[in-house]
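*Asks:* Would you mind keeping the following structure in view while I ask a few things?
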Amino acid sequence: MAHTFLLEIGLEEIPAHVVTPSVNQLVQKTTKFLKEQRIDFDEVIPYSTPRRLTVKVTGLADKQADIEEEAKGPSKKIALDDEGNWSKAAQGFVRGQGVTVDDIFFKELKGTEYVYVKKFIPGKPVSEVLTGMKDVAMDLKFPTMMRWGSNDFEYVRPIKWLVALLDDEVVPFEILDIKTGRTTQGHRFLGEAVDVPSADKYLETLETQKVIADAGVRKAEIRKQIDALATENNWNIVVDEDLLEEVNNLVEYPTVFAGKFKEEYLQVPNEVLITSMKDHQRFFYVTDKEGNLLPNFVSVRNGNKDYLENVVAGNEKVLTARLEDAKFFYEEDQQHTIADYVERLKKVMFHDKIGTIYEKMERVNLLAKFLGDKLGLSETELKDLDRASMIYKFDLVTGMVGEFSELQGIMGEIYARLQGEDDNVSTAIREEYMPTSSEGELPQSNVGAVLSIADKLDSIQSFFAANMIPSGSNDPYALRRQALGIIRIALDKGWDISLPVLHAAINDAFAKRDDLYKNTNPADNAAEMDEFVNDRLAQVLSGNKLRRDILDAVVARADMPFIQALQAAQVLSKHAEDDNFKEVIEALTRVTRLAKKAPEFGSDAVVDSTLFENDTEKVLADEFAKVEAGYGDAEMNEKFAILSSLKDSITAYFDATMIMADDEKVKNNRLLQLVKIAELTEDFGSLDKLIVK
């Protein structure tokens, strides 16, 4: 007979962003527990609200699967004494297995006989096994943990009740002083405590108490009500998916409602209004069919429509107060010039071990000039880049950003345009912050992209040189995200940016203004910084679903441009299934391994054909000469084809030639030939890291 099990962990309200990952974690741990306990089941279904984390398991077997296995004991020599009696070792073994010496038999393993017994372990009833769900519930991990009462136990919020039912029977266990039962809690204001008659009646029981425990159903109901409201008013209600997820995890019984604010606040930039509504109040904003912002908002109440007008009025009052502040700061900020704000930055610390924000802008200005010139920006772009890099942080000391920190960069762009700055300069001020997440939007303008790279590079270099290096999950200054940003921008733009280029920019800035690097000498922890950035490159490339060995091969060459590493990885991945891939890689890696044994040759060293002792040396030299000239300008796919074309001549060469000849001149001449071929393969990293079968 198939069974249904329900576990509900009742809690004080937990933060909205914690709900979904926590119930997913409960599903994963429950699934793992049941598999480890050999309990067959059909599905583990999650339910959640701000006050409960729940799983329902369907199709549970009556009991654990029985185990019948052979257990291996000591060798026969140890199991029997000189007189053929069972030794203490043998007796201890069978006692530990729950059998007797009469159950012993011998089996040979690698030429030695060992004691074996057959062990039968009957499966426990599922009702007995499920008491172990206590450990599953207690093992959940949360971003923030708390203690309550005099307990040492930590959890996201205090546990208030526990429901554990196998069909219609309670599964007994307790956490702290909370015992499992069948009583759950309804909506905090609209419901009351209620008994769940059986595990499969959970949802409908809670619905009688104004709780929609299925998060998917709850979210669909919110969407349905929003759509109805939009149709009724001829609105476009902008539903941000992240905000919808958050709002869904704030309520148990949703009722959507609309509010409004004075039209005079529409004079404030849309970004400010949207931030006030969306980020601060968890409201959805409203536009007309042409996309123009309207003086309305939409929110979700955790309850029914009773006294809804009071809820609307309260939310309107709170939003109005925030918009009034925004309007004041917007008007006040415009009373000062950008130069005024930049001057203030001379007294604002970026970090006490690194210096002021103004000093950071001066460093970034030098880095940006070097990179802009290196990357071939136009004269106009370079001029705009110079201006943007000297003012781009000015909005940090405006009243608006002081109140709405999420708008840094955004207000900088708005204020820059209002004060007559060039469009490229204004846009770059906003784009400098991009990407704001590991997968976030990238800068589109060249000026913004270079400024963003320069700022992120300065932050990484400064913190590493000041010995504030991320470790484990600890990364308080988001340096991982900033390194990812540099790489993603370089790949998106197709720019020839590599670690040597970044170091060249830093060294150039240091040479020009070493006073800006008082505690952040570029030589300090430079190798650690390279390893850090290279790890982020591997992370970015792994998003292209490339083989691990291919990633290892291309990132092994630390001086390779990021875009070249991507192209090399893509080409190797493309050809990895070729019939001759194994032979090509084996031939080339044999070349590179022997080339490592070569002495240092000058850049003008030439292979001497008069030292050839067999035809394969001449053939390889001729083949190499044919492809060498055009190799540097070829596309990556063509380069691999060129290297592949050398396979037969390399193989024949090794078959007929002893590289490490007794004659020193002959040996070095042969090594020089291999070095020249190996230099071509470096465009693909370290090919000897590829796994070929």
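Labels for the structure tokens follow display order: chains A, B, ..., residues from 1 in each chain, ligands from 1.
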Name all residues at most 10 Å from range 634-649 of chain A (count only C-alpha atoms; drop same-chain ones fewer than 2 positions away) and give them as a ChimeraX atom specification.
*Replies:* /A:564,567-572,574-575,580-581,583-588,616-624,626-632,651-655,677-678,680-681,683-684
*Asks:* Just list as number ranges by chain whatever in range 485-642 of chain A DSSP marks as alpha helix (DSSP H).
*Replies:* A: 485-493, 499-512, 526-542, 548-555, 562-575, 581-595, 615-631, 636-642
*Asks:* Grab the CA of Ala199 in chain A to CA of Val129 in chain A distance for me, in Å with one decimal place.
*Replies:*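 The value is 16.8 Å.
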*Asks:* What's the 9 Å shell around Glu682 in chain A, counting only C-alpha atoms, without same-chain residues fewer than 5 positions away, as a list in words?
*Replies:*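 That gives Val554, Arg557, Met560 and Leu687 of chain A.
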*Asks:* Which residues are close to Asp288 in chain A, i.e. within 8 Å by only C-alpha atoms, leaving aside same-chain residues fewer than 3 positions away? Reply as a PDB file with C-alpha atoms, in the first residue's frame.
*Replies:*
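Final output, result.pdb:
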ATOM      1  CA  ASN A 234      -6.692  50.080 -19.025  1.00  0.00           C
ATOM      2  CA  TRP A 235      -3.270  50.022 -17.339  1.00  0.00           C
ATOM      3  CA  ASN A 236      -0.016  48.277 -17.975  1.00  0.00           C
ATOM      4  CA  GLY A 291       4.859  53.217 -21.442  1.00  0.00           C
ATOM      5  CA  ASN A 292       4.422  56.551 -19.637  1.00  0.00           C
ATOM      6  CA  LEU A 293       4.523  56.302 -15.856  1.00  0.00           C
ATOM      7  CA  LEU A 294       1.166  56.922 -14.178  1.00  0.00           C
TER       8      LEU A 294
END
*Asks:* For each of A:Tyr202, A:Phe120, A:Phe153, A:Phe394, take the minimum atom-to-atom distance to Lys56 in chain A, counting only C-alpha atoms, then give the residue where this is smallest.
*Replies:* A:Tyr202
*Asks:* For Ala258 in chain A, which residue among A:Gly314, A:Ala215, A:Ile14, A:Glu207 is the nearest when counting only C-alpha atoms?
*Replies:*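 With only C-alpha atoms as the atom set, the closest residue is A:Gly314.
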*Asks:* Which residues are near Glu316 in chain A? Cut-off 9 Å, only C-alpha atoms, ignore same chain within fewer than 2 positions. Put them as a PyMOL selection string.
*Replies:* chain A and resi 259-261+297+311-314+318-321
*Asks:* For the interface of range 284-331 of chain A with range 183-190 of chain A (cut-off 9 Å, counting only C-alpha atoms), please tabulate each contacting residue of range 284-331 of chain A alongside its nearest pair of atoms and their separation in Å to one decimal, rows sorted by chain and increasing number, as CSV.
*Replies:*
residue,atom,partner,partner_atom,distance
A:Asn302,CA,A:His187,CA,8.9
A:Gly303,CA,A:Leu190,CA,7.2
A:Asn304,CA,A:Leu190,CA,8.2
*Asks:* For the residues in that selection, give me N, CA and C atoms as a PDB file, in the first residue's frame.
*Replies:*
ATOM      1  N   ASN A 302      -1.896  40.954   2.653  1.00  0.00           N
ATOM      2  CA  ASN A 302      -1.973  39.619   3.237  1.00  0.00           C
ATOM      3  C   ASN A 302      -3.297  39.510   3.994  1.00  0.00           C
ATOM      4  N   GLY A 303      -4.362  39.321   3.232  1.00  0.00           N
ATOM      5  CA  GLY A 303      -5.682  39.257   3.842  1.00  0.00           C
ATOM      6  C   GLY A 303      -6.765  39.391   2.789  1.00  0.00           C
ATOM      7  N   ASN A 304      -7.999  39.649   3.235  1.00  0.00           N
ATOM      8  CA  ASN A 304      -9.126  39.761   2.301  1.00  0.00           C
ATOM      9  C   ASN A 304      -9.429  41.232   2.011  1.00  0.00           C
TER      10      ASN A 304
END
